[in-house]
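Participant: The structure follows.
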Amino acid sequence: DFVAVFRDSLADDHGLSHRTVDRYVRLVTQLLLVLGNDPATYDAGTIRGAVAGLSPRYSRSTIQGYTTALRAYLRFLVARGLCCASLVDVVPTVPQWKLSALPRYIDADELTRVFDACDPQTTGGIRDRSILLLLGRIGLRAGDVVRMRLEDIDWADGTLRVCGKGRREVRLPLPQDVGDALLQYIAHARPAVAIERVFLCLQAPWRAFHSSVAISGIVDAALTRAGIADPPSRGANLLRHSAATTLLRQGATLDAVSTMLRHRSLDTSMHYAKV
């Protein structure tokens, strides 16, 4: 099974995160339904045909994900002498224009309504409010929230350790309202169980979130409760983008926004300057 060996190679040889490995394997598996499982039969026509078949169904960014995964798989096959090296160059490129669209966000008043839509008298409301504040006040990604551990919070210094993309570890300052919400959840709403992850499901058996999909579901439900009928998106990144946009409108510099969002390049943060 070439795909199983490909999975191991991505994790062991290239050091990719489990989430990235799972995405690559999922996309390649779908393409193999068209390409077939025998690399000896691959040629330029079949590879281009498989990518071209995606065009009517998916957006540019989604197709780009497929082509990236396919190139990685073909390089894996080439390294093992299972297909011709020139086939890697056959995979079509997908045109993308940098900073071509506006970031998806909601304004500061709507962001406050989302935070306030959580019922502070219920366990779920306390938990969800702390999650939403982490996303909408300090711009965490959904995966950051899922992976957050109790030991990552330094109460004495008022900071939060975050290990994000590229496994880079940074410490972010915790605003007072975010820290208060976290403390309220941990002290009064979180089950007293020996699980290192901060955020747990609401019903026994107690367990950490399986994936970031659960975080986006919390955001979606909060948008509905807040009466925001037509947001530009309904996932966790909406609040991250809203945090960056709100900071810029309040006079923060692009350097400050870039530091908070942990962008490797200031060019990425320039996206928010368009708003």
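Lettering and numbering for the structure tokens are positional, with chains as A, B, ... in the shown order, residues counted from 1 in each chain, and ligands counted from 1 in the shown order.
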Return as an mmCIF file with N, CA, C and O atoms, in the first residue's frame the full set of residues in region 39-210 of chain A whose backbone-based DSSP assignment is helix (DSSP H, G or I).
Facilitator:
```cif
data_model
loop_
_atom_site.group_PDB
_atom_site.id
_atom_site.type_symbol
_atom_site.label_atom_id
_atom_site.label_comp_id
_atom_site.auth_asym_id
_atom_site.auth_seq_id
_atom_site.Cartn_x
_atom_site.Cartn_y
_atom_site.Cartn_z
ATOM 1 N N PRO A 39 1.485 3.107 -10.101
ATOM 2 C CA PRO A 39 2.252 4.255 -10.616
ATOM 3 C C PRO A 39 2.844 4.012 -12.001
ATOM 4 O O PRO A 39 3.116 4.978 -12.728
ATOM 5 N N ALA A 40 3.049 2.759 -12.373
ATOM 6 C CA ALA A 40 3.636 2.463 -13.682
ATOM 7 C C ALA A 40 2.733 2.906 -14.821
ATOM 8 O O ALA A 40 3.199 3.091 -15.956
ATOM 9 N N THR A 41 1.441 3.094 -14.539
ATOM 10 C CA THR A 41 0.500 3.481 -15.601
ATOM 11 C C THR A 41 0.339 4.999 -15.720
ATOM 12 O O THR A 41 -0.353 5.470 -16.613
ATOM 13 N N ALA A 44 1.510 11.849 -18.520
ATOM 14 C CA ALA A 44 1.139 13.266 -18.478
ATOM 15 C C ALA A 44 -0.360 13.456 -18.669
ATOM 16 O O ALA A 44 -0.985 14.290 -18.006
ATOM 17 N N GLY A 45 -0.940 12.662 -19.539
ATOM 18 C CA GLY A 45 -2.361 12.815 -19.828
ATOM 19 C C GLY A 45 -3.243 12.477 -18.641
ATOM 20 O O GLY A 45 -4.197 13.202 -18.326
ATOM 21 N N THR A 46 -2.927 11.374 -17.959
ATOM 22 C CA THR A 46 -3.770 10.980 -16.828
ATOM 23 C C THR A 46 -3.643 11.962 -15.665
ATOM 24 O O THR A 46 -4.633 12.272 -14.993
ATOM 25 N N ILE A 47 -2.437 12.462 -15.444
ATOM 26 C CA ILE A 47 -2.234 13.404 -14.338
ATOM 27 C C ILE A 47 -2.941 14.719 -14.615
ATOM 28 O O ILE A 47 -3.667 15.256 -13.765
ATOM 29 N N ARG A 48 -2.772 15.252 -15.795
ATOM 30 C CA ARG A 48 -3.454 16.511 -16.133
ATOM 31 C C ARG A 48 -4.966 16.324 -16.158
ATOM 32 O O ARG A 48 -5.723 17.205 -15.763
ATOM 33 N N GLY A 49 -5.407 15.167 -16.624
ATOM 34 C CA GLY A 49 -6.845 14.901 -16.656
ATOM 35 C C GLY A 49 -7.441 14.839 -15.260
ATOM 36 O O GLY A 49 -8.558 15.331 -15.030
ATOM 37 N N ALA A 50 -6.707 14.250 -14.317
ATOM 38 C CA ALA A 50 -7.204 14.153 -12.949
ATOM 39 C C ALA A 50 -7.354 15.538 -12.323
ATOM 40 O O ALA A 50 -8.345 15.822 -11.635
ATOM 41 N N VAL A 51 -6.381 16.416 -12.570
ATOM 42 C CA VAL A 51 -6.458 17.779 -12.020
ATOM 43 C C VAL A 51 -7.535 18.586 -12.732
ATOM 44 O O VAL A 51 -8.298 19.330 -12.098
ATOM 45 N N ALA A 52 -7.614 18.438 -14.046
ATOM 46 C CA ALA A 52 -8.631 19.182 -14.798
ATOM 47 C C ALA A 52 -10.037 18.811 -14.361
ATOM 48 O O ALA A 52 -10.947 19.641 -14.377
ATOM 49 N N ARG A 60 -10.222 27.703 -6.526
ATOM 50 C CA ARG A 60 -8.790 27.697 -6.841
ATOM 51 C C ARG A 60 -7.963 27.211 -5.652
ATOM 52 O O ARG A 60 -7.038 26.419 -5.803
ATOM 53 N N SER A 61 -8.293 27.711 -4.465
ATOM 54 C CA SER A 61 -7.488 27.353 -3.301
ATOM 55 C C SER A 61 -7.596 25.862 -2.985
ATOM 56 O O SER A 61 -6.606 25.224 -2.600
ATOM 57 N N THR A 62 -8.787 25.282 -3.181
ATOM 58 C CA THR A 62 -8.954 23.853 -2.938
ATOM 59 C C THR A 62 -8.169 23.028 -3.957
ATOM 60 O O THR A 62 -7.494 22.053 -3.604
ATOM 61 N N ILE A 63 -8.240 23.433 -5.227
ATOM 62 C CA ILE A 63 -7.496 22.721 -6.265
ATOM 63 C C ILE A 63 -6.000 22.830 -6.016
ATOM 64 O O ILE A 63 -5.244 21.873 -6.242
ATOM 65 N N GLN A 64 -5.560 23.991 -5.533
ATOM 66 C CA GLN A 64 -4.140 24.151 -5.214
ATOM 67 C C GLN A 64 -3.712 23.161 -4.125
ATOM 68 O O GLN A 64 -2.615 22.608 -4.164
ATOM 69 N N GLY A 65 -4.597 22.906 -3.158
ATOM 70 C CA GLY A 65 -4.295 21.901 -2.144
ATOM 71 C C GLY A 65 -4.125 20.525 -2.755
ATOM 72 O O GLY A 65 -3.222 19.765 -2.370
ATOM 73 N N TYR A 66 -4.993 20.188 -3.715
ATOM 74 C CA TYR A 66 -4.878 18.889 -4.390
ATOM 75 C C TYR A 66 -3.553 18.782 -5.149
ATOM 76 O O TYR A 66 -2.877 17.746 -5.081
ATOM 77 N N THR A 67 -3.181 19.832 -5.888
ATOM 78 C CA THR A 67 -1.955 19.759 -6.684
ATOM 79 C C THR A 67 -0.713 19.695 -5.798
ATOM 80 O O THR A 67 0.252 18.999 -6.129
ATOM 81 N N THR A 68 -0.729 20.381 -4.675
ATOM 82 C CA THR A 68 0.407 20.320 -3.747
ATOM 83 C C THR A 68 0.574 18.903 -3.201
ATOM 84 O O THR A 68 1.683 18.363 -3.136
ATOM 85 N N ALA A 69 -0.547 18.302 -2.799
ATOM 86 C CA ALA A 69 -0.496 16.934 -2.284
ATOM 87 C C ALA A 69 -0.055 15.959 -3.372
ATOM 88 O O ALA A 69 0.725 15.021 -3.107
ATOM 89 N N LEU A 70 -0.528 16.170 -4.599
ATOM 90 C CA LEU A 70 -0.166 15.268 -5.696
ATOM 91 C C LEU A 70 1.324 15.356 -6.009
ATOM 92 O O LEU A 70 1.981 14.330 -6.238
ATOM 93 N N ARG A 71 1.881 16.569 -6.010
ATOM 94 C CA ARG A 71 3.328 16.706 -6.250
ATOM 95 C C ARG A 71 4.129 15.981 -5.168
ATOM 96 O O ARG A 71 5.140 15.332 -5.455
ATOM 97 N N ALA A 72 3.684 16.116 -3.922
ATOM 98 C CA ALA A 72 4.383 15.427 -2.831
ATOM 99 C C ALA A 72 4.341 13.919 -3.027
ATOM 100 O O ALA A 72 5.340 13.218 -2.793
ATOM 101 N N TYR A 73 3.197 13.413 -3.470
ATOM 102 C CA TYR A 73 3.060 11.965 -3.684
ATOM 103 C C TYR A 73 3.926 11.493 -4.846
ATOM 104 O O TYR A 73 4.588 10.451 -4.759
ATOM 105 N N LEU A 74 3.970 12.284 -5.911
ATOM 106 C CA LEU A 74 4.788 11.903 -7.061
ATOM 107 C C LEU A 74 6.277 11.936 -6.707
ATOM 108 O O LEU A 74 7.045 11.065 -7.137
ATOM 109 N N ARG A 75 6.693 12.931 -5.917
ATOM 110 C CA ARG A 75 8.099 12.960 -5.482
ATOM 111 C C ARG A 75 8.433 11.724 -4.638
ATOM 112 O O ARG A 75 9.539 11.179 -4.726
ATOM 113 N N PHE A 76 7.481 11.334 -3.809
ATOM 114 C CA PHE A 76 7.655 10.112 -3.005
ATOM 115 C C PHE A 76 7.848 8.900 -3.915
ATOM 116 O O PHE A 76 8.731 8.059 -3.683
ATOM 117 N N LEU A 77 7.038 8.793 -4.969
ATOM 118 C CA LEU A 77 7.150 7.666 -5.892
ATOM 119 C C LEU A 77 8.462 7.708 -6.668
ATOM 120 O O LEU A 77 9.112 6.676 -6.872
ATOM 121 N N VAL A 78 8.847 8.929 -7.083
ATOM 122 C CA VAL A 78 10.101 9.079 -7.830
ATOM 123 C C VAL A 78 11.286 8.640 -6.974
ATOM 124 O O VAL A 78 12.205 7.950 -7.445
ATOM 125 N N ALA A 79 11.291 9.034 -5.692
ATOM 126 C CA ALA A 79 12.402 8.691 -4.801
ATOM 127 C C ALA A 79 12.557 7.186 -4.644
ATOM 128 O O ALA A 79 13.655 6.702 -4.341
ATOM 129 N N LEU A 87 7.251 13.534 -14.312
ATOM 130 C CA LEU A 87 5.820 13.647 -14.063
ATOM 131 C C LEU A 87 5.507 14.687 -12.983
ATOM 132 O O LEU A 87 4.407 15.240 -12.956
ATOM 133 N N VAL A 88 6.464 14.960 -12.110
ATOM 134 C CA VAL A 88 6.238 15.989 -11.086
ATOM 135 C C VAL A 88 5.982 17.344 -11.737
ATOM 136 O O VAL A 88 5.129 18.118 -11.291
ATOM 137 N N ASP A 89 6.720 17.620 -12.821
ATOM 138 C CA ASP A 89 6.576 18.909 -13.513
ATOM 139 C C ASP A 89 5.321 18.982 -14.368
ATOM 140 O O ASP A 89 4.960 20.053 -14.861
ATOM 141 N N VAL A 90 4.677 17.852 -14.563
ATOM 142 C CA VAL A 90 3.466 17.806 -15.395
ATOM 143 C C VAL A 90 2.253 18.343 -14.633
ATOM 144 O O VAL A 90 1.299 18.850 -15.230
ATOM 145 N N ALA A 108 -16.117 45.341 15.399
ATOM 146 C CA ALA A 108 -15.891 45.207 16.841
ATOM 147 C C ALA A 108 -17.196 45.018 17.611
ATOM 148 O O ALA A 108 -17.259 44.244 18.576
ATOM 149 N N ASP A 109 -18.259 45.730 17.217
ATOM 150 C CA ASP A 109 -19.543 45.592 17.913
ATOM 151 C C ASP A 109 -20.118 44.184 17.740
ATOM 152 O O ASP A 109 -20.647 43.595 18.697
ATOM 153 N N GLU A 110 -20.018 43.652 16.537
ATOM 154 C CA GLU A 110 -20.514 42.291 16.301
ATOM 155 C C GLU A 110 -19.668 41.266 17.050
ATOM 156 O O GLU A 110 -20.192 40.266 17.567
ATOM 157 N N LEU A 111 -18.372 41.541 17.140
ATOM 158 C CA LEU A 111 -17.488 40.641 17.871
ATOM 159 C C LEU A 111 -17.895 40.588 19.349
ATOM 160 O O LEU A 111 -17.955 39.506 19.955
ATOM 161 N N THR A 112 -18.208 41.741 19.911
ATOM 162 C CA THR A 112 -18.652 41.790 21.311
ATOM 163 C C THR A 112 -19.959 41.031 21.491
ATOM 164 O O THR A 112 -20.153 40.325 22.498
ATOM 165 N N ARG A 113 -20.856 41.148 20.524
ATOM 166 C CA ARG A 113 -22.128 40.416 20.604
ATOM 167 C C ARG A 113 -21.896 38.908 20.603
ATOM 168 O O ARG A 113 -22.594 38.155 21.301
ATOM 169 N N VAL A 114 -20.909 38.453 19.845
ATOM 170 C CA VAL A 114 -20.588 37.018 19.804
ATOM 171 C C VAL A 114 -20.094 36.564 21.178
ATOM 172 O O VAL A 114 -20.520 35.522 21.691
ATOM 173 N N PHE A 115 -19.211 37.348 21.791
ATOM 174 C CA PHE A 115 -18.711 36.990 23.125
ATOM 175 C C PHE A 115 -19.854 36.945 24.142
ATOM 176 O O PHE A 115 -19.938 36.034 24.969
ATOM 177 N N ASP A 116 -20.732 37.946 24.068
ATOM 178 C CA ASP A 116 -21.800 38.078 25.065
ATOM 179 C C ASP A 116 -22.951 37.106 24.841
ATOM 180 O O ASP A 116 -23.848 37.004 25.687
ATOM 181 N N THR A 123 -22.286 25.576 32.098
ATOM 182 C CA THR A 123 -20.922 25.084 31.852
ATOM 183 C C THR A 123 -20.500 25.323 30.412
ATOM 184 O O THR A 123 -19.389 25.765 30.135
ATOM 185 N N GLY A 124 -21.416 25.028 29.477
ATOM 186 C CA GLY A 124 -21.108 25.230 28.066
ATOM 187 C C GLY A 124 -20.870 26.686 27.730
ATOM 188 O O GLY A 124 -19.973 27.016 26.943
ATOM 189 N N GLY A 125 -21.659 27.576 28.320
ATOM 190 C CA GLY A 125 -21.495 28.997 28.057
ATOM 191 C C GLY A 125 -20.164 29.522 28.562
ATOM 192 O O GLY A 125 -19.501 30.328 27.887
ATOM 193 N N ILE A 126 -19.753 29.080 29.744
ATOM 194 C CA ILE A 126 -18.473 29.512 30.305
ATOM 195 C C ILE A 126 -17.313 29.025 29.441
ATOM 196 O O ILE A 126 -16.379 29.768 29.130
ATOM 197 N N ARG A 127 -17.386 27.746 29.041
ATOM 198 C CA ARG A 127 -16.326 27.196 28.195
ATOM 199 C C ARG A 127 -16.260 27.905 26.851
ATOM 200 O O ARG A 127 -15.185 28.336 26.393
ATOM 201 N N ASP A 128 -17.413 28.045 26.201
ATOM 202 C CA ASP A 128 -17.435 28.612 24.857
ATOM 203 C C ASP A 128 -16.982 30.068 24.851
ATOM 204 O O ASP A 128 -16.297 30.515 23.926
ATOM 205 N N ARG A 129 -17.330 30.826 25.885
ATOM 206 C CA ARG A 129 -16.911 32.229 25.927
ATOM 207 C C ARG A 129 -15.391 32.340 26.012
ATOM 208 O O ARG A 129 -14.783 33.196 25.345
ATOM 209 N N SER A 130 -14.768 31.490 26.803
ATOM 210 C CA SER A 130 -13.307 31.546 26.898
ATOM 211 C C SER A 130 -12.660 31.176 25.568
ATOM 212 O O SER A 130 -11.651 31.776 25.166
ATOM 213 N N ILE A 131 -13.237 30.209 24.864
ATOM 214 C CA ILE A 131 -12.714 29.836 23.548
ATOM 215 C C ILE A 131 -12.872 30.981 22.559
ATOM 216 O O ILE A 131 -11.935 31.331 21.819
ATOM 217 N N LEU A 132 -14.043 31.598 22.535
ATOM 218 C CA LEU A 132 -14.300 32.696 21.596
ATOM 219 C C LEU A 132 -13.391 33.888 21.870
ATOM 220 O O LEU A 132 -12.928 34.557 20.933
ATOM 221 N N LEU A 133 -13.109 34.166 23.139
ATOM 222 C CA LEU A 133 -12.207 35.269 23.470
ATOM 223 C C LEU A 133 -10.780 34.973 23.016
ATOM 224 O O LEU A 133 -10.071 35.884 22.554
ATOM 225 N N LEU A 134 -10.350 33.749 23.134
ATOM 226 C CA LEU A 134 -9.014 33.386 22.652
ATOM 227 C C LEU A 134 -8.902 33.593 21.138
ATOM 228 O O LEU A 134 -7.864 34.039 20.631
ATOM 229 N N LEU A 135 -9.961 33.273 20.438
ATOM 230 C CA LEU A 135 -9.961 33.443 18.980
ATOM 231 C C LEU A 135 -10.073 34.917 18.585
ATOM 232 O O LEU A 135 -9.354 35.393 17.700
ATOM 233 N N GLY A 136 -10.993 35.633 19.235
ATOM 234 C CA GLY A 136 -11.336 36.983 18.807
ATOM 235 C C GLY A 136 -10.581 38.108 19.479
ATOM 236 O O GLY A 136 -10.693 39.260 19.061
ATOM 237 N N ARG A 137 -9.803 37.791 20.532
ATOM 238 C CA ARG A 137 -9.034 38.841 21.205
ATOM 239 C C ARG A 137 -7.536 38.714 20.959
ATOM 240 O O ARG A 137 -6.852 39.724 20.821
ATOM 241 N N ILE A 138 -7.016 37.487 20.919
ATOM 242 C CA ILE A 138 -5.576 37.350 20.660
ATOM 243 C C ILE A 138 -5.290 36.554 19.385
ATOM 244 O O ILE A 138 -4.150 36.198 19.109
ATOM 245 N N ALA A 142 -7.892 27.763 15.445
ATOM 246 C CA ALA A 142 -8.689 26.699 16.068
ATOM 247 C C ALA A 142 -7.790 25.582 16.589
ATOM 248 O O ALA A 142 -7.998 25.053 17.684
ATOM 249 N N GLY A 143 -6.762 25.223 15.810
ATOM 250 C CA GLY A 143 -5.846 24.178 16.243
ATOM 251 C C GLY A 143 -5.085 24.548 17.505
ATOM 252 O O GLY A 143 -4.773 23.684 18.331
ATOM 253 N N ASP A 144 -4.770 25.855 17.660
ATOM 254 C CA ASP A 144 -4.090 26.304 18.880
ATOM 255 C C ASP A 144 -4.965 26.045 20.104
ATOM 256 O O ASP A 144 -4.476 25.638 21.161
ATOM 257 N N VAL A 145 -6.259 26.306 19.950
ATOM 258 C CA VAL A 145 -7.197 26.109 21.061
ATOM 259 C C VAL A 145 -7.319 24.629 21.397
ATOM 260 O O VAL A 145 -7.310 24.236 22.569
ATOM 261 N N VAL A 146 -7.423 23.789 20.375
ATOM 262 C CA VAL A 146 -7.559 22.344 20.600
ATOM 263 C C VAL A 146 -6.342 21.799 21.338
ATOM 264 O O VAL A 146 -6.463 20.988 22.258
ATOM 265 N N ARG A 147 -5.139 22.262 20.959
ATOM 266 C CA ARG A 147 -3.901 21.715 21.525
ATOM 267 C C ARG A 147 -3.488 22.358 22.855
ATOM 268 O O ARG A 147 -2.545 21.898 23.506
ATOM 269 N N LEU A 150 -2.899 22.824 30.033
ATOM 270 C CA LEU A 150 -2.956 23.586 31.279
ATOM 271 C C LEU A 150 -1.605 24.215 31.602
ATOM 272 O O LEU A 150 -1.537 25.350 32.080
ATOM 273 N N GLU A 151 -0.527 23.504 31.315
ATOM 274 C CA GLU A 151 0.803 24.021 31.633
ATOM 275 C C GLU A 151 1.242 25.150 30.703
ATOM 276 O O GLU A 151 2.260 25.805 30.960
ATOM 277 N N ASP A 152 0.496 25.387 29.630
ATOM 278 C CA ASP A 152 0.838 26.485 28.717
ATOM 279 C C ASP A 152 0.490 27.858 29.300
ATOM 280 O O ASP A 152 0.980 28.878 28.812
ATOM 281 N N LYS A 165 2.047 26.963 13.631
ATOM 282 C CA LYS A 165 2.551 26.405 12.382
ATOM 283 C C LYS A 165 4.074 26.345 12.411
ATOM 284 O O LYS A 165 4.743 27.214 12.965
ATOM 285 N N GLY A 166 4.619 25.299 11.786
ATOM 286 C CA GLY A 166 6.050 25.135 11.763
ATOM 287 C C GLY A 166 6.622 24.781 13.119
ATOM 288 O O GLY A 166 7.829 24.837 13.327
ATOM 289 N N ARG A 167 5.724 24.433 14.067
ATOM 290 C CA ARG A 167 6.129 24.050 15.416
ATOM 291 C C ARG A 167 6.903 25.163 16.118
ATOM 292 O O ARG A 167 7.762 24.919 16.963
ATOM 293 N N GLN A 176 -6.741 40.927 30.163
ATOM 294 C CA GLN A 176 -7.419 40.653 31.428
ATOM 295 C C GLN A 176 -8.710 39.862 31.231
ATOM 296 O O GLN A 176 -8.974 38.888 31.946
ATOM 297 N N ASP A 177 -9.529 40.268 30.241
ATOM 298 C CA ASP A 177 -10.812 39.585 30.065
ATOM 299 C C ASP A 177 -10.628 38.143 29.601
ATOM 300 O O ASP A 177 -11.384 37.243 29.990
ATOM 301 N N VAL A 178 -9.601 37.896 28.785
ATOM 302 C CA VAL A 178 -9.336 36.525 28.332
ATOM 303 C C VAL A 178 -8.860 35.669 29.497
ATOM 304 O O VAL A 178 -9.317 34.537 29.690
ATOM 305 N N GLY A 179 -7.950 36.217 30.301
ATOM 306 C CA GLY A 179 -7.463 35.479 31.461
ATOM 307 C C GLY A 179 -8.570 35.194 32.463
ATOM 308 O O GLY A 179 -8.656 34.087 33.020
ATOM 309 N N ASP A 180 -9.438 36.185 32.692
ATOM 310 C CA ASP A 180 -10.560 35.981 33.625
ATOM 311 C C ASP A 180 -11.483 34.872 33.134
ATOM 312 O O ASP A 180 -11.957 34.043 33.927
ATOM 313 N N ALA A 181 -11.762 34.868 31.816
ATOM 314 C CA ALA A 181 -12.652 33.843 31.259
ATOM 315 C C ALA A 181 -12.029 32.451 31.366
ATOM 316 O O ALA A 181 -12.709 31.469 31.684
ATOM 317 N N LEU A 182 -10.731 32.355 31.109
ATOM 318 C CA LEU A 182 -10.038 31.074 31.233
ATOM 319 C C LEU A 182 -10.078 30.567 32.677
ATOM 320 O O LEU A 182 -10.346 29.383 32.927
ATOM 321 N N LEU A 183 -9.793 31.471 33.619
ATOM 322 C CA LEU A 183 -9.797 31.082 35.024
ATOM 323 C C LEU A 183 -11.187 30.631 35.475
ATOM 324 O O LEU A 183 -11.328 29.652 36.216
ATOM 325 N N GLN A 184 -12.210 31.340 35.004
ATOM 326 C CA GLN A 184 -13.584 30.975 35.340
ATOM 327 C C GLN A 184 -13.904 29.564 34.838
ATOM 328 O O GLN A 184 -14.519 28.761 35.546
ATOM 329 N N TYR A 185 -13.467 29.254 33.637
ATOM 330 C CA TYR A 185 -13.731 27.932 33.075
ATOM 331 C C TYR A 185 -12.977 26.848 33.842
ATOM 332 O O TYR A 185 -13.554 25.826 34.255
ATOM 333 N N ILE A 186 -11.679 27.053 34.045
ATOM 334 C CA ILE A 186 -10.858 26.024 34.683
ATOM 335 C C ILE A 186 -11.283 25.797 36.129
ATOM 336 O O ILE A 186 -11.341 24.651 36.611
ATOM 337 N N ALA A 187 -11.613 26.879 36.834
ATOM 338 C CA ALA A 187 -11.930 26.766 38.262
ATOM 339 C C ALA A 187 -13.352 26.272 38.531
ATOM 340 O O ALA A 187 -13.597 25.590 39.525
ATOM 341 N N HIS A 188 -14.295 26.610 37.629
ATOM 342 C CA HIS A 188 -15.695 26.363 37.953
ATOM 343 C C HIS A 188 -16.461 25.500 36.953
ATOM 344 O O HIS A 188 -17.548 25.015 37.281
ATOM 345 N N ALA A 189 -15.941 25.330 35.748
ATOM 346 C CA ALA A 189 -16.720 24.615 34.728
ATOM 347 C C ALA A 189 -16.011 23.403 34.149
ATOM 348 O O ALA A 189 -16.668 22.496 33.633
#
```
Participant: Which residues are close to Asp230 (chain A), i.e. within 12 Å by only C-alpha atoms, leaving aside same-chain residues fewer than 2 positions away? Reply as a PyMOL selection string.
Facilitator: chain A and resi 104-106+110+220+223-224+226-228+232-234
Participant: Those residues you just picked out, can you put them in a file as a PDB file, in the first residue's frame with N, CA and C atoms?
Facilitator:
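Saved the output as result-v4.pdb:
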```pdb
ATOM      1  N   ARG A 104     -12.000  38.087   5.597  1.00  0.00           N
ATOM      2  CA  ARG A 104     -13.372  37.920   6.090  1.00  0.00           C
ATOM      3  C   ARG A 104     -13.392  38.260   7.575  1.00  0.00           C
ATOM      4  N   TYR A 105     -14.239  39.191   7.956  1.00  0.00           N
ATOM      5  CA  TYR A 105     -14.247  39.653   9.342  1.00  0.00           C
ATOM      6  C   TYR A 105     -15.612  40.215   9.705  1.00  0.00           C
ATOM      7  N   ILE A 106     -15.835  40.402  11.014  1.00  0.00           N
ATOM      8  CA  ILE A 106     -16.975  41.151  11.516  1.00  0.00           C
ATOM      9  C   ILE A 106     -16.426  42.309  12.337  1.00  0.00           C
ATOM     10  N   GLU A 110     -20.018  43.652  16.537  1.00  0.00           N
ATOM     11  CA  GLU A 110     -20.514  42.291  16.301  1.00  0.00           C
ATOM     12  C   GLU A 110     -19.668  41.266  17.050  1.00  0.00           C
ATOM     13  N   ASP A 220     -19.779  28.955  14.954  1.00  0.00           N
ATOM     14  CA  ASP A 220     -21.010  28.969  14.157  1.00  0.00           C
ATOM     15  C   ASP A 220     -22.226  29.152  15.055  1.00  0.00           C
ATOM     16  N   LEU A 223     -22.413  32.731  16.497  1.00  0.00           N
ATOM     17  CA  LEU A 223     -22.872  33.711  15.501  1.00  0.00           C
ATOM     18  C   LEU A 223     -24.388  33.686  15.390  1.00  0.00           C
ATOM     19  N   THR A 224     -24.947  32.486  15.414  1.00  0.00           N
ATOM     20  CA  THR A 224     -26.406  32.350  15.336  1.00  0.00           C
ATOM     21  C   THR A 224     -27.065  32.963  16.561  1.00  0.00           C
ATOM     22  N   ALA A 226     -25.935  35.269  18.442  1.00  0.00           N
ATOM     23  CA  ALA A 226     -25.721  36.715  18.452  1.00  0.00           C
ATOM     24  C   ALA A 226     -26.576  37.436  17.421  1.00  0.00           C
ATOM     25  N   GLY A 227     -27.282  36.687  16.585  1.00  0.00           N
ATOM     26  CA  GLY A 227     -28.152  37.300  15.591  1.00  0.00           C
ATOM     27  C   GLY A 227     -27.422  37.867  14.397  1.00  0.00           C
ATOM     28  N   ILE A 228     -26.217  37.388  14.136  1.00  0.00           N
ATOM     29  CA  ILE A 228     -25.459  37.833  12.959  1.00  0.00           C
ATOM     30  C   ILE A 228     -25.859  36.919  11.809  1.00  0.00           C
ATOM     31  N   PRO A 232     -19.511  36.784   6.739  1.00  0.00           N
ATOM     32  CA  PRO A 232     -18.757  36.385   5.536  1.00  0.00           C
ATOM     33  C   PRO A 232     -18.264  34.948   5.589  1.00  0.00           C
ATOM     34  N   SER A 233     -18.131  34.383   6.778  1.00  0.00           N
ATOM     35  CA  SER A 233     -17.830  32.958   6.943  1.00  0.00           C
ATOM     36  C   SER A 233     -18.289  32.562   8.341  1.00  0.00           C
ATOM     37  N   ARG A 234     -18.259  31.291   8.637  1.00  0.00           N
ATOM     38  CA  ARG A 234     -18.787  30.838   9.933  1.00  0.00           C
ATOM     39  C   ARG A 234     -17.782  29.973  10.696  1.00  0.00           C
TER      40      ARG A 234
END
```
Participant: Between CA of Asp255 (chain A) and CA of Pro175 (chain A), what is the distance, to one decimal in Å?
Facilitator: 18.4 Å
Participant: Taking only C-alpha atoms into account, which of A:Gln30, A:Leu200, A:Pro120, A:Asn37 comes nearest Leu54 (chain A)?
Facilitator: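 Looking only at the distances to Leu54 (chain A), the closest residue turns out to be A:Gln30.
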Participant: I need the strand (DSSP E or B) residues of region 12-171 of chain A per DSSP on the backbone, written as a ChimeraX atom specification.
Facilitator: /A:149,153-154,159-163,169-171
Participant: Could you check which of A:Gly53, A:Ala236, A:Arg262, A:Val5 is closest to Arg168 (chain A), using only C-alpha atoms?
Facilitator: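 Among the listed residues, the smallest separation from Arg168 (chain A) belongs to A:Arg262.
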Participant: Mind giving me the straight-line distance from CA of His263 (chain A) to CA of Thr246 (chain A) in Å, one decimal?
Facilitator: 17.0 Å
Participant: Let me make sure I understand: among A:Cys83, A:Asp1, A:Ile153, A:Gly139, which one has the smallest atom-to-atom distance to Thr259 (chain A) if we use only C-alpha atoms?
Facilitator: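 The answer is A:Gly139, which sits nearest to Thr259 (chain A).
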Participant: Quick check, in Å to one decimal: how far apart do CA of Leu247 (chain A) and CA of Arg141 (chain A) lie?
Facilitator: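 CA of Leu247 (chain A) sits 16.6 Å away from CA of Arg141 (chain A).
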Participant: Using only C-alpha atoms for the distances, tell me which of A:Pro191, A:Ala221, A:Asp107, A:Arg23 is nearest to Gln250 (chain A).
Facilitator: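 Distance minimum relative to Gln250 (chain A) lands on A:Asp107.
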Participant: When distances are computed from only C-alpha atoms, which of A:Ser55, A:Ser265, A:Asn237, A:Ser17 shows the smallest separation from Ser212 (chain A)?
Facilitator: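 Among the listed residues, A:Asn237 lies closest to Ser212 (chain A).
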Participant: I'd like to know which of A:Val3, A:Met148, A:Ala11, A:Ala208 is closest to Arg26 (chain A), using only C-alpha atoms.
Facilitator: A:Val3
Participant: Within 8 Å of Val170 (chain A), counting only C-alpha atoms, which residues qualify if same-chain residues fewer than 4 places away don't, as a ChimeraX atom specification?
Facilitator: /A:161-163
Participant: Go ahead and save the picked residues with N, CA, C and O atoms, as a CSV table (one decimal), in the first residue's frame.
Facilitator:
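Output (selection.csv):
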```csv
chain,number,residue,atom,x,y,z
A,161,ARG,N,1.6,30.2,26.3
A,161,ARG,CA,2.5,29.6,25.4
A,161,ARG,C,1.7,28.9,24.2
A,161,ARG,O,0.8,28.2,24.5
A,162,VAL,N,2.1,29.3,23.0
A,162,VAL,CA,1.4,28.7,21.8
A,162,VAL,C,2.4,28.1,20.9
A,162,VAL,O,3.4,28.8,20.6
A,163,CYS,N,2.2,26.9,20.4
A,163,CYS,CA,3.0,26.3,19.4
A,163,CYS,C,2.2,26.1,18.2
A,163,CYS,O,1.3,25.3,18.1
```
